[in-house]
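Below: my_file_2.cif (mmCIF, C-alpha atoms)
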data_final
#
loop_
_atom_site.label_atom_id
_atom_site.label_comp_id
_atom_site.auth_asym_id
_atom_site.auth_seq_id
_atom_site.Cartn_x
_atom_site.Cartn_y
_atom_site.Cartn_z
CA MET A 17 -14.43 -3.22 28.07
CA ASP A 18 -17.49 -5.36 27.41
CA ASP A 19 -17.33 -8.88 28.87
CA THR A 20 -18.05 -10.31 25.40
CA SER A 21 -14.35 -9.85 24.64
CA LYS A 22 -13.74 -12.67 27.14
CA ALA A 23 -16.40 -14.97 25.71
CA PRO A 24 -15.61 -18.72 25.53
CA GLY A 25 -13.45 -19.54 22.55
CA ARG A 26 -11.28 -16.48 22.05
CA ALA A 27 -11.19 -15.26 18.48
CA ALA A 28 -7.50 -16.06 18.08
CA GLU A 29 -8.14 -19.73 18.74
CA HIS A 30 -10.46 -19.92 15.74
CA VAL A 31 -7.99 -18.55 13.17
CA ASP A 32 -7.49 -21.37 10.68
CA GLU A 33 -3.92 -21.35 9.35
CA SER A 34 -4.60 -23.76 6.47
CA ARG A 35 -7.70 -21.85 5.36
CA LEU A 36 -5.83 -18.54 5.44
CA TRP A 37 -2.97 -20.02 3.37
CA GLN A 38 -5.34 -21.61 0.86
CA ARG A 39 -7.10 -18.32 0.35
CA HIS A 40 -3.79 -16.67 -0.45
CA MET A 41 -3.20 -19.36 -3.05
CA ASP A 42 -6.72 -18.91 -4.44
CA MET A 43 -6.10 -15.19 -4.81
CA ALA A 44 -2.65 -15.80 -6.33
CA ARG A 45 -4.30 -17.59 -9.26
CA LEU A 46 -6.02 -14.34 -10.21
CA GLY A 47 -3.32 -12.73 -12.31
CA ALA A 48 -0.71 -15.46 -11.80
CA THR A 49 2.59 -14.91 -13.62
CA PRO A 50 4.91 -17.63 -15.02
CA LYS A 51 7.50 -16.93 -12.30
CA GLY A 52 5.06 -17.50 -9.45
CA GLY A 53 4.08 -13.90 -8.84
CA VAL A 54 0.91 -11.92 -9.47
CA ARG A 55 -0.05 -9.22 -11.94
CA ARG A 56 -3.42 -7.94 -10.69
CA LEU A 57 -3.70 -4.28 -11.53
CA ALA A 58 -6.18 -1.93 -9.91
CA LEU A 59 -9.75 -2.46 -11.17
CA ASP A 60 -8.72 -4.89 -13.90
CA ASP A 61 -10.59 -8.15 -14.48
CA ASN A 62 -8.53 -10.10 -11.96
CA ASP A 63 -8.85 -7.40 -9.31
CA ASN A 64 -12.61 -7.46 -9.80
CA LYS A 65 -12.62 -11.25 -9.48
CA ALA A 66 -10.66 -11.01 -6.22
CA ARG A 67 -13.29 -8.65 -4.79
CA ALA A 68 -16.13 -10.87 -5.98
CA LEU A 69 -14.49 -13.87 -4.32
CA LEU A 70 -14.39 -12.06 -0.98
CA VAL A 71 -18.07 -11.21 -1.26
CA GLU A 72 -18.93 -14.85 -1.99
CA TRP A 73 -16.82 -16.11 0.93
CA GLY A 74 -18.71 -13.80 3.25
CA LYS A 75 -22.22 -14.87 2.29
CA PRO A 76 -22.41 -18.16 4.28
CA ARG A 77 -21.69 -16.24 7.48
CA GLY A 78 -24.14 -13.47 6.71
CA PHE A 79 -21.46 -10.83 6.14
CA THR A 80 -22.77 -7.97 4.02
CA ALA A 81 -20.86 -6.01 1.38
CA ALA A 82 -20.89 -2.41 0.20
CA LEU A 83 -19.00 -0.41 -2.43
CA ASP A 84 -18.34 3.32 -2.29
CA PRO A 85 -17.96 5.76 -5.25
CA ILE A 86 -14.19 5.22 -5.60
CA GLY A 87 -14.56 1.42 -5.47
CA ASN A 88 -13.50 0.79 -1.87
CA LEU A 89 -15.15 -2.48 -0.80
CA PHE A 90 -16.31 -3.18 2.76
CA ILE A 91 -17.25 -6.64 4.10
CA ARG A 92 -19.22 -6.16 7.33
CA ARG A 93 -19.85 -8.30 10.39
CA SER A 94 -22.64 -6.66 12.38
CA GLY A 95 -22.32 -5.54 15.98
CA SER A 96 -24.93 -5.33 18.71
CA GLU A 97 -25.19 -1.59 18.10
CA ALA A 98 -25.94 -1.35 14.39
CA THR A 99 -25.42 2.41 14.20
CA ALA A 100 -22.10 2.47 16.07
CA ALA A 101 -19.06 3.54 14.07
CA PRO A 102 -17.31 0.39 12.80
CA VAL A 103 -13.78 -0.80 13.39
CA LEU A 104 -12.04 -1.30 10.04
CA SER A 105 -9.19 -3.56 9.00
CA GLY A 106 -7.83 -4.23 5.55
CA SER A 107 -5.43 -3.32 2.79
CA HIS A 108 -5.49 -3.75 -1.00
CA THR A 109 -5.94 -6.46 -3.63
CA ASP A 110 -4.03 -4.78 -6.48
CA THR A 111 -0.36 -5.52 -7.17
CA GLN A 112 2.60 -4.14 -9.03
CA PRO A 113 2.95 -5.37 -12.66
CA SER A 114 5.35 -8.08 -11.46
CA GLY A 115 4.19 -8.30 -7.87
CA GLY A 116 4.04 -11.05 -5.28
CA ARG A 117 1.41 -13.17 -3.57
CA PHE A 118 1.31 -11.37 -0.20
CA ASP A 119 1.77 -7.61 -0.55
CA GLY A 120 -1.59 -6.01 0.22
CA ILE A 121 -3.70 -9.11 -0.12
CA TYR A 122 -2.42 -10.42 3.23
CA GLY A 123 -3.99 -7.44 5.00
CA VAL A 124 -7.31 -8.11 3.29
CA LEU A 125 -7.30 -11.86 3.95
CA ALA A 126 -6.08 -11.46 7.55
CA ALA A 127 -8.98 -9.08 8.18
CA PHE A 128 -11.44 -11.49 6.58
CA GLU A 129 -9.98 -14.43 8.54
CA ALA A 130 -10.32 -12.40 11.74
CA LEU A 131 -14.00 -11.76 10.97
CA GLU A 132 -14.54 -15.50 10.45
CA ALA A 133 -12.65 -16.36 13.63
CA ILE A 134 -14.66 -13.88 15.70
CA ASP A 135 -17.84 -15.28 14.20
CA ALA A 136 -16.79 -18.89 14.84
CA ALA A 137 -15.98 -18.01 18.45
CA GLY A 138 -19.52 -16.71 18.90
CA ILE A 139 -18.29 -13.34 20.14
CA VAL A 140 -20.77 -10.48 20.01
CA THR A 141 -19.03 -7.13 19.55
CA ARG A 142 -20.67 -3.82 20.30
CA ARG A 143 -19.36 -2.18 17.16
CA PRO A 144 -19.55 -3.68 13.67
CA ILE A 145 -16.23 -4.83 12.24
CA GLU A 146 -15.46 -4.46 8.54
CA ALA A 147 -12.78 -5.86 6.26
CA ALA A 148 -11.81 -3.13 3.79
CA VAL A 149 -10.34 -3.35 0.29
CA TRP A 150 -8.90 0.04 -0.62
CA THR A 151 -8.81 0.86 -4.33
CA CYS A 152 -5.53 1.29 -6.21
CA GLU A 153 -2.90 1.34 -3.49
CA GLU A 154 -0.14 0.62 -6.01
CA GLY A 155 0.46 3.95 -7.73
CA GLY A 156 2.00 3.80 -11.18
CA ALA A 157 1.12 0.15 -11.75
CA ARG A 158 -2.02 0.98 -13.70
CA PHE A 159 -3.22 4.41 -12.61
CA PRO A 160 -0.72 7.12 -11.64
CA THR A 161 -1.98 7.85 -8.13
CA GLY A 162 -1.26 5.44 -5.28
CA THR A 163 -3.38 4.95 -2.13
CA MET A 164 -6.18 6.33 -4.29
CA GLY A 165 -9.14 4.82 -2.47
CA SER A 166 -7.96 5.55 1.05
CA SER A 167 -6.92 9.12 0.21
CA ALA A 168 -10.36 9.82 -1.29
CA PHE A 169 -12.04 8.19 1.73
CA ALA A 170 -10.07 10.43 4.09
CA GLY A 171 -10.77 13.54 2.03
CA HIS A 172 -7.14 14.06 1.08
CA ARG A 173 -7.92 13.96 -2.65
CA SER A 174 -11.15 14.92 -4.35
CA LEU A 175 -13.33 12.20 -5.79
CA ASP A 176 -13.56 14.03 -9.12
CA LEU A 177 -9.77 14.13 -9.52
CA ALA A 178 -9.45 10.46 -8.61
CA LEU A 179 -12.16 9.39 -11.04
CA ALA A 180 -10.45 11.36 -13.83
CA ASP A 181 -7.11 9.55 -13.48
CA GLU A 182 -6.22 7.64 -16.67
CA ASP A 183 -4.19 4.49 -17.26
CA GLY A 184 -1.73 4.09 -20.14
CA ALA A 185 -4.53 3.14 -22.52
CA GLY A 186 -6.57 6.25 -21.72
CA THR A 187 -9.16 4.46 -19.56
CA THR A 188 -10.30 6.59 -16.66
CA VAL A 189 -10.93 5.30 -13.15
CA ALA A 190 -14.60 6.21 -13.61
CA GLU A 191 -14.78 4.01 -16.72
CA ALA A 192 -12.93 1.13 -15.04
CA LEU A 193 -15.31 1.23 -12.07
CA LYS A 194 -18.23 0.37 -14.35
CA SER A 195 -16.71 -3.11 -14.81
CA THR A 196 -16.06 -3.38 -11.08
CA ARG A 197 -19.69 -2.66 -10.26
CA SER A 198 -20.82 -5.15 -12.92
CA ALA A 199 -18.59 -7.81 -11.30
CA LEU A 200 -20.30 -7.24 -7.94
CA PRO A 201 -24.04 -7.56 -8.66
CA GLY A 202 -26.22 -6.99 -5.65
CA VAL A 203 -23.50 -5.28 -3.62
CA ALA A 204 -24.94 -2.19 -1.94
CA GLU A 205 -23.71 1.32 -2.67
CA ARG A 206 -22.29 3.38 0.15
CA PRO A 207 -21.36 7.08 0.39
CA LEU A 208 -17.69 8.05 0.34
CA GLY A 209 -16.31 8.46 3.85
CA PHE A 210 -18.01 7.73 7.17
CA GLU A 211 -17.19 7.71 10.86
CA VAL A 212 -14.62 5.08 11.81
CA ALA A 213 -13.88 4.00 15.40
CA ALA A 214 -10.40 2.61 14.64
CA PHE A 215 -8.35 1.14 11.78
CA VAL A 216 -5.80 -1.69 11.82
CA GLU A 217 -3.80 -2.77 8.77
CA ALA A 218 -1.92 -6.05 8.71
CA HIS A 219 0.89 -6.35 6.15
CA ILE A 220 4.04 -8.24 5.34
CA GLU A 221 6.98 -6.11 6.41
CA GLN A 222 8.41 -5.68 2.87
CA GLY A 223 11.79 -5.37 4.57
CA PRO A 224 14.34 -7.68 6.25
CA ILE A 225 14.26 -6.52 9.88
CA LEU A 226 11.75 -8.92 11.48
CA GLU A 227 13.32 -11.93 9.79
CA ALA A 228 16.82 -10.84 10.81
CA GLU A 229 15.75 -10.23 14.42
CA GLY A 230 13.79 -13.48 14.65
CA LYS A 231 10.55 -11.68 15.56
CA THR A 232 7.06 -12.77 14.49
CA ILE A 233 5.10 -9.55 15.05
CA GLY A 234 6.10 -6.00 14.22
CA ILE A 235 4.20 -3.28 16.08
CA VAL A 236 4.45 -0.44 13.59
CA THR A 237 5.37 2.90 15.18
CA GLY A 238 4.97 5.04 12.07
CA ILE A 239 5.44 5.51 8.34
CA GLN A 240 8.27 7.58 6.92
CA GLY A 241 7.51 10.56 4.72
CA ALA A 242 8.16 10.67 0.99
CA ARG A 243 8.80 13.28 -1.67
CA ARG A 244 8.53 12.37 -5.34
CA PHE A 245 9.83 14.35 -8.30
CA ARG A 246 9.66 14.12 -12.08
CA ILE A 247 12.60 15.68 -13.95
CA GLU A 248 12.05 16.65 -17.61
CA ILE A 249 15.13 17.50 -19.68
CA ASP A 250 14.93 19.00 -23.18
CA GLY A 251 18.06 19.09 -25.34
CA GLU A 252 18.26 18.56 -29.10
CA ASP A 253 18.13 15.45 -31.26
CA GLY A 254 21.24 15.02 -33.37
CA HIS A 255 23.10 12.63 -35.64
CA ALA A 256 25.34 10.31 -33.63
CA GLY A 257 28.04 10.28 -36.31
CA THR A 258 28.20 13.88 -37.43
CA MET A 259 27.40 16.17 -34.50
CA PRO A 260 30.61 17.23 -32.64
CA HIS A 261 30.54 16.57 -28.91
CA ARG A 262 31.16 20.21 -27.99
CA LYS A 263 27.99 21.25 -29.85
CA ARG A 264 25.69 18.56 -28.52
CA ARG A 265 22.75 19.16 -26.18
CA ASP A 266 22.52 15.56 -25.03
CA ALA A 267 19.56 15.16 -22.65
CA LEU A 268 20.71 11.73 -21.47
CA LYS A 269 24.17 12.96 -20.52
CA ALA A 270 22.55 15.83 -18.64
CA ALA A 271 20.33 13.33 -16.81
CA VAL A 272 23.35 11.20 -15.91
CA SER A 273 25.19 14.25 -14.54
CA MET A 274 22.17 15.18 -12.47
CA ILE A 275 21.78 11.66 -11.13
CA HIS A 276 25.46 11.46 -10.11
CA ALA A 277 25.16 14.78 -8.25
CA LEU A 278 21.91 13.69 -6.61
CA GLU A 279 23.51 10.41 -5.51
CA ALA A 280 26.15 12.43 -3.70
CA LEU A 281 23.52 14.65 -2.05
CA PHE A 282 21.45 11.73 -0.79
CA ASP A 283 24.36 9.54 0.28
CA ASP A 284 23.81 8.60 3.93
CA PRO A 285 26.46 6.69 5.92
CA ASN A 286 23.74 5.65 8.39
CA ASP A 287 21.64 4.14 5.57
CA VAL A 288 18.42 5.85 6.70
CA VAL A 289 17.80 7.93 3.56
CA ARG A 290 15.98 6.10 0.78
CA PHE A 291 16.71 7.57 -2.67
CA THR A 292 15.55 5.82 -5.85
CA ILE A 293 15.56 6.65 -9.55
CA GLY A 294 12.69 4.36 -10.51
CA ARG A 295 12.12 5.45 -14.08
CA LEU A 296 14.39 6.77 -16.82
CA VAL A 297 12.98 7.43 -20.30
CA ILE A 298 14.82 8.86 -23.29
CA LYS A 299 13.58 10.00 -26.69
CA PRO A 300 13.79 9.33 -29.55
CA ASP A 301 15.37 6.13 -28.16
CA ALA A 302 17.27 5.25 -31.32
CA PRO A 303 20.87 3.93 -31.48
CA ALA A 304 22.06 6.49 -34.01
CA VAL A 305 20.35 9.55 -32.53
CA ILE A 306 21.61 11.81 -29.73
CA PRO A 307 18.79 11.86 -27.17
CA GLY A 308 16.97 15.18 -27.28
CA HIS A 309 14.71 14.43 -24.35
CA ALA A 310 15.06 12.58 -21.06
CA MET A 311 12.81 12.10 -18.07
CA PHE A 312 13.57 10.49 -14.75
CA THR A 313 11.79 10.18 -11.43
CA ILE A 314 13.00 10.52 -7.86
CA ASP A 315 11.48 8.70 -4.89
CA PHE A 316 13.00 10.10 -1.68
CA ARG A 317 11.94 8.88 1.79
CA HIS A 318 12.94 9.57 5.38
CA PRO A 319 11.27 9.33 8.81
CA GLU A 320 12.16 12.93 9.78
CA GLU A 321 10.34 15.89 8.25
CA LYS A 322 13.34 18.24 8.62
CA VAL A 323 15.54 15.88 6.59
CA LEU A 324 12.87 15.57 3.91
CA ALA A 325 12.82 19.36 3.67
CA ARG A 326 16.59 19.91 3.79
CA LEU A 327 17.48 17.38 1.09
CA GLY A 328 14.35 17.57 -1.06
CA ASP A 329 14.58 21.35 -1.36
CA GLN A 330 17.99 21.00 -3.03
CA VAL A 331 16.80 18.82 -5.92
CA ALA A 332 15.83 21.64 -8.29
CA GLY A 333 19.09 23.53 -7.78
CA ILE A 334 21.27 20.48 -8.35
CA CYS A 335 19.38 19.61 -11.56
CA ALA A 336 19.77 23.19 -12.83
CA ALA A 337 23.51 23.17 -12.07
CA ASN A 338 24.03 19.98 -14.10
CA ARG A 339 21.83 20.65 -17.13
CA ARG A 340 24.75 20.75 -19.62
CA GLY A 341 23.16 23.27 -21.97
CA CYS A 342 19.72 21.65 -21.84
CA GLU A 343 16.49 22.96 -20.40
CA VAL A 344 15.29 21.28 -17.23
CA LYS A 345 11.94 21.28 -15.45
CA VAL A 346 11.56 19.83 -11.95
CA VAL A 347 8.04 18.91 -10.83
CA GLU A 348 7.34 17.66 -7.32
CA TYR A 349 4.18 15.61 -7.74
CA SER A 350 3.86 14.10 -4.26
CA ASN A 351 4.86 15.14 -0.75
CA THR A 352 3.67 13.09 2.22
CA LYS A 353 4.74 13.86 5.76
CA PRO A 354 5.95 11.23 8.23
CA ILE A 355 3.35 9.95 10.68
CA LEU A 356 3.63 8.28 14.08
CA PHE A 357 1.30 5.61 15.45
CA SER A 358 0.76 5.68 19.22
CA GLY A 359 -1.87 5.07 21.84
CA LEU A 360 -4.99 2.97 21.42
CA VAL A 361 -4.22 0.71 18.46
CA PRO A 362 -0.47 0.02 18.89
CA ASP A 363 -1.11 -0.59 22.59
CA ALA A 364 -3.82 -3.13 21.74
CA ILE A 365 -1.47 -4.87 19.29
CA GLY A 366 1.23 -5.10 21.94
CA ARG A 367 -1.18 -6.57 24.50
CA ALA A 368 -2.43 -9.18 22.03
CA ALA A 369 1.11 -10.22 21.03
CA ARG A 370 2.12 -10.60 24.68
CA ARG A 371 -1.00 -12.58 25.59
CA GLN A 372 -0.24 -15.01 22.79
CA GLY A 373 3.41 -15.31 23.73
CA LEU A 374 4.59 -14.11 20.33
CA SER A 375 7.99 -12.53 19.85
CA HIS A 376 7.51 -8.91 18.82
CA MET A 377 9.25 -5.57 18.39
CA ALA A 378 8.53 -1.98 17.51
CA ILE A 379 9.31 -1.23 13.86
CA HIS A 380 9.02 1.73 11.49
CA SER A 381 7.54 1.33 8.02
CA GLY A 382 9.68 2.33 5.08
CA ALA A 383 6.80 1.84 2.64
CA GLY A 384 3.64 3.91 2.33
CA HIS A 385 0.33 2.25 3.18
CA ASP A 386 -3.37 3.06 3.21
CA ALA A 387 -3.01 3.43 6.99
CA MET A 388 -1.25 6.77 6.47
CA HIS A 389 -4.57 8.24 5.30
CA LEU A 390 -6.77 6.48 7.85
CA PHE A 391 -4.45 7.89 10.52
CA HIS A 392 -6.15 11.26 9.96
CA VAL A 393 -9.64 9.74 10.30
CA ALA A 394 -9.43 7.45 13.36
CA PRO A 395 -6.97 5.84 15.82
CA THR A 396 -4.75 3.72 13.56
CA GLY A 397 -2.01 1.13 13.76
CA MET A 398 -0.34 -1.61 11.74
CA ILE A 399 0.77 -5.19 12.30
CA PHE A 400 3.80 -6.44 10.36
CA VAL A 401 4.80 -10.07 9.84
CA PRO A 402 8.11 -11.24 8.32
CA CYS A 403 8.63 -11.94 4.64
CA TRP A 404 11.45 -13.92 3.07
CA ARG A 405 14.66 -11.83 2.79
CA GLY A 406 12.51 -8.71 2.98
CA ILE A 407 11.75 -9.02 -0.72
CA SER A 408 8.58 -7.36 -2.04
CA HIS A 409 7.29 -5.82 -5.28
CA ASN A 410 8.86 -8.92 -6.78
CA GLU A 411 7.47 -12.21 -8.08
CA THR A 412 9.63 -14.17 -5.61
CA GLU A 413 7.98 -12.49 -2.60
CA ASP A 414 7.27 -15.13 0.06
CA ALA A 415 6.11 -15.56 3.65
CA LYS A 416 5.60 -18.43 6.10
CA SER A 417 2.11 -19.74 6.69
CA ALA A 418 2.70 -19.77 10.45
CA ASP A 419 3.68 -16.09 10.47
CA LEU A 420 0.64 -15.09 8.43
CA ALA A 421 -1.60 -16.97 10.86
CA ALA A 422 0.13 -15.43 13.88
CA GLY A 423 -0.53 -11.96 12.53
CA ALA A 424 -4.17 -12.85 11.91
CA ARG A 425 -4.51 -14.15 15.50
CA VAL A 426 -3.17 -10.90 16.90
CA LEU A 427 -5.44 -8.96 14.57
CA ALA A 428 -8.52 -10.93 15.63
CA GLU A 429 -7.91 -10.16 19.30
CA VAL A 430 -7.23 -6.50 18.56
CA LEU A 431 -10.45 -6.13 16.57
CA VAL A 432 -12.53 -7.62 19.39
CA ASP A 433 -10.77 -5.31 21.86
CA LEU A 434 -11.40 -2.21 19.77
CA ALA A 435 -14.97 -3.15 18.81
CA ASN A 436 -16.01 -3.43 22.45
CA ARG A 437 -14.63 -0.09 23.58
#
Can you give me the file's structure in the form of structure tokens?
Amino acid sequence: MDDTSKAPGRAAEHVDESRLWQRHMDMARLGATPKGGVRRLALDDNDNKARALLVEWGKPRGFTAALDPIGNLFIRRSGSEATAAPVLSGSHTDTQPSGGRFDGIYGVLAAFEALEAIDAAGIVTRRPIEAAVWTCEEGGARFPTGTMGSSAFAGHRSLDLALADEDGAGTTVAEALKSTRSALPGVAERPLGFEVAAFVEAHIEQGPILEAEGKTIGIVTGIQGARRFRIEIDGEDGHAGTMPHRKRRDALKAAVSMIHALEALFDDPNDVVRFTIGRLVIKPDAPAVIPGHAMFTIDFRHPEEKVLARLGDQVAGICAANRRGCEVKVVEYSNTKPILFSGLVPDAIGRAARRQGLSHMAIHSGAGHDAMHLFHVAPTGMIFVPCWRGISHNETEDAKSADLAAGARVLAEVLVDLANR
């Protein structure tokens, strides 16, 4: 390791807790909701303002900015070897429609704070370090595909398909990006995908474990896999007062039967399986009409690939067995395998937490993150910090300023470590 990592004034000592908190509050005003949350959808006006704010904050320190074809934004602190592959850290600025103040944005602001701390400490790193904002992590909030920017960066989804995604109003990603580029005048363009030395993503846990265990830092060991299905049921509209029950083809009743059977399939006494019906839509959605069409979604997650296969492969059969005279179509629209973080990055996180005397533990991520795509590009790891009651994707989402700063201090040390290897 280069001796610059031991330069006077370690990076962690220059993390400014009050500045980091204030920047969270500044970002929370962009899309603020009446209940104290944030509605900042991917590539909307507030998301563009958040990106522009980051660029402006970086200018006094000479940080440069670049935007790639899918809208991923990179804020760069130069290294002594300008052509060396950079170390990246970041997350996302977009939220769910009724999201909180910390999901995603903490990873971006912790990365930016780490850059400032390293700069304030006067540490010269061999590799450049970049804070990344990945486009549209929150699938279904505006555009249908989640982790859009990171999946395109990693080559897991074609740029053309990503740009063609449409929101509910028919606006494509390509059209939305025109406004994003206009909001970032003077920001350089950068090709999609490039060599990365390592990636670290800081994030609130979005679960209750760290808080319950009294730990400040979670060293993430992996991300569980997920399978997602859309179930379309076609029956027949009918008059609620005149159609006999024995002749009905009620799509909603068929959906309810399917859901009950699926609940039994996915029931897990160990509470490891995660099974969610997140959306249920019926048509024509009128009080006096028997529903002729129903659609519901399944989000199924587990850390073991064999369990994902065993249970997920039974979904179509169970739906067919409970169709109650209706037609049913089962579409699996997403299937991500579990991943495990080990080696270089988690080890560096553990060393930094121990050096700083912070309580820490290994923890698995139940939520998907951009890190699951960067994992296939470079050595990758994640840092979790606690959030209140484990609540996330909710306007009441909260975290302690001290925990956010602790995570940023660990991150700053890790980035210096990785950038000098």
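CA of Pro285 in chain A is positioned 14.8 Å from CA of Leu327 in chain A.
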Subject >> Distance of CA of Ile233 in chain A from CA of Gly406 in chain A, expressed in Å to one decimal place >> reply: 14.2 Å
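Counting only C-alpha atoms, the residue from A:His30, A:Arg67, A:His309, A:Arg55 that sits nearest to Ala136 in chain A is A:His30.
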Subject >> Non-local contacts of Phe357 in chain A (6 Å; only C-alpha atoms; under 5 positions in same chain excluded) as number ranges by chain >> reply: A: 237-238, 397
Neighbouring residues of Ser34 in chain A were defined as those with any atom within 12 Å, considering only C-alpha atoms; residues of the same chain fewer than 5 positions away were excluded. Please report them as a compact mmCIF listing (two decimals) with C-alpha atoms, in the coordinates of the input.
# COMPACT_ATOMS: atom_id res chain seq x y z
CA ARG A 39 -7.10 -18.32 0.35
CA HIS A 40 -3.79 -16.67 -0.45
CA MET A 41 -3.20 -19.36 -3.05
CA GLU A 129 -9.98 -14.43 8.54
CA LYS A 416 5.60 -18.43 6.10
CA SER A 417 2.11 -19.74 6.69
CA ALA A 418 2.70 -19.77 10.45
CA ASP A 419 3.68 -16.09 10.47
CA LEU A 420 0.64 -15.09 8.43
CA ALA A 421 -1.60 -16.97 10.86
**OP:** Return as a PyMOL selection string the set of residues that the PyMOL selection byres ((chain A and resi 364) around 9) yields on the displayed structure.
**Re:** chain A and resi 359-363+365-369+429-431+433-434
Residues from the last selection, C-alpha atoms, saved as a compact mmCIF listing (two decimals), in the frame of the given file:
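File result.txt, as written:
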# COMPACT_ATOMS: atom_id res chain seq x y z
CA GLY A 359 -1.87 5.07 21.84
CA LEU A 360 -4.99 2.97 21.42
CA VAL A 361 -4.22 0.71 18.46
CA PRO A 362 -0.47 0.02 18.89
CA ASP A 363 -1.11 -0.59 22.59
CA ILE A 365 -1.47 -4.87 19.29
CA GLY A 366 1.23 -5.10 21.94
CA ARG A 367 -1.18 -6.57 24.50
CA ALA A 368 -2.43 -9.18 22.03
CA ALA A 369 1.11 -10.22 21.03
CA GLU A 429 -7.91 -10.16 19.30
CA VAL A 430 -7.23 -6.50 18.56
CA LEU A 431 -10.45 -6.13 16.57
CA ASP A 433 -10.77 -5.31 21.86
CA LEU A 434 -11.40 -2.21 19.77
Subject >> Neighbour list for range 254-269 of chain A as number ranges by chain, cut-off 12 Å, all atoms listed in the file, skip fewer than 2 positions in-chain >> reply: A: 247-252, 271-276, 296-312, 335, 338-344
**OP:** Name the closest residue to Met43 in chain A among the candidates A:Ala148, A:Leu125, A:Ala178, A:Leu57; distances are taken between atoms, counting only C-alpha atoms.
**Re:** A:Leu125
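Straight-line separation from CA of Lys353 in chain A to CA of Glu320 in chain A: 8.5 Å.
Remark: for Glu413 in chain A, the closest of the candidate residues A:Asn436, A:Ser96, A:Gln222, A:Ser358 is A:Gln222 (distances computed over all atoms listed in the file).
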Evaluate the PyMOL selection byres ((chain A and resi 134) around 12) and record the selected residues as an mmCIF file with C-alpha atoms, in the frame of the given file, following the chain and residue labels used in the document.
data_model
loop_
_atom_site.group_PDB
_atom_site.id
_atom_site.type_symbol
_atom_site.label_atom_id
_atom_site.label_comp_id
_atom_site.auth_asym_id
_atom_site.auth_seq_id
_atom_site.Cartn_x
_atom_site.Cartn_y
_atom_site.Cartn_z
ATOM 1 C CA THR A 20 -18.050 -10.310 25.400
ATOM 2 C CA SER A 21 -14.350 -9.850 24.640
ATOM 3 C CA LYS A 22 -13.740 -12.670 27.140
ATOM 4 C CA ALA A 23 -16.400 -14.970 25.710
ATOM 5 C CA PRO A 24 -15.610 -18.720 25.530
ATOM 6 C CA GLY A 25 -13.450 -19.540 22.550
ATOM 7 C CA ARG A 26 -11.280 -16.480 22.050
ATOM 8 C CA ALA A 27 -11.190 -15.260 18.480
ATOM 9 C CA ALA A 28 -7.500 -16.060 18.080
ATOM 10 C CA GLU A 29 -8.140 -19.730 18.740
ATOM 11 C CA HIS A 30 -10.460 -19.920 15.740
ATOM 12 C CA VAL A 31 -7.990 -18.550 13.170
ATOM 13 C CA ASP A 32 -7.490 -21.370 10.680
ATOM 14 C CA ARG A 77 -21.690 -16.240 7.480
ATOM 15 C CA ARG A 93 -19.850 -8.300 10.390
ATOM 16 C CA SER A 94 -22.640 -6.660 12.380
ATOM 17 C CA GLY A 95 -22.320 -5.540 15.980
ATOM 18 C CA ALA A 127 -8.980 -9.080 8.180
ATOM 19 C CA PHE A 128 -11.440 -11.490 6.580
ATOM 20 C CA GLU A 129 -9.980 -14.430 8.540
ATOM 21 C CA ALA A 130 -10.320 -12.400 11.740
ATOM 22 C CA LEU A 131 -14.000 -11.760 10.970
ATOM 23 C CA GLU A 132 -14.540 -15.500 10.450
ATOM 24 C CA ALA A 133 -12.650 -16.360 13.630
ATOM 25 C CA ASP A 135 -17.840 -15.280 14.200
ATOM 26 C CA ALA A 136 -16.790 -18.890 14.840
ATOM 27 C CA ALA A 137 -15.980 -18.010 18.450
ATOM 28 C CA GLY A 138 -19.520 -16.710 18.900
ATOM 29 C CA ILE A 139 -18.290 -13.340 20.140
ATOM 30 C CA VAL A 140 -20.770 -10.480 20.010
ATOM 31 C CA THR A 141 -19.030 -7.130 19.550
ATOM 32 C CA PRO A 144 -19.550 -3.680 13.670
ATOM 33 C CA ILE A 145 -16.230 -4.830 12.240
ATOM 34 C CA GLU A 146 -15.460 -4.460 8.540
ATOM 35 C CA ALA A 424 -4.170 -12.850 11.910
ATOM 36 C CA ARG A 425 -4.510 -14.150 15.500
ATOM 37 C CA VAL A 426 -3.170 -10.900 16.900
ATOM 38 C CA LEU A 427 -5.440 -8.960 14.570
ATOM 39 C CA ALA A 428 -8.520 -10.930 15.630
ATOM 40 C CA GLU A 429 -7.910 -10.160 19.300
ATOM 41 C CA VAL A 430 -7.230 -6.500 18.560
ATOM 42 C CA LEU A 431 -10.450 -6.130 16.570
ATOM 43 C CA VAL A 432 -12.530 -7.620 19.390
ATOM 44 C CA ASP A 433 -10.770 -5.310 21.860
ATOM 45 C CA ALA A 435 -14.970 -3.150 18.810
#
List the residues matched by the PyMOL selection byres ((chain A and resi 216) around 7) in the displayed structure as a PDB file with C-alpha atoms, keeping the file's coordinate frame, ordered by chain and then by residue number.
ATOM      1  CA  LEU A 104     -12.040  -1.300  10.040  1.00  0.00           C
ATOM      2  CA  SER A 105      -9.190  -3.560   9.000  1.00  0.00           C
ATOM      3  CA  ALA A 214     -10.400   2.610  14.640  1.00  0.00           C
ATOM      4  CA  PHE A 215      -8.350   1.140  11.780  1.00  0.00           C
ATOM      5  CA  GLU A 217      -3.800  -2.770   8.770  1.00  0.00           C
ATOM      6  CA  ALA A 218      -1.920  -6.050   8.710  1.00  0.00           C
ATOM      7  CA  THR A 396      -4.750   3.720  13.560  1.00  0.00           C
ATOM      8  CA  GLY A 397      -2.010   1.130  13.760  1.00  0.00           C
ATOM      9  CA  MET A 398      -0.340  -1.610  11.740  1.00  0.00           C
TER      10      MET A 398
END
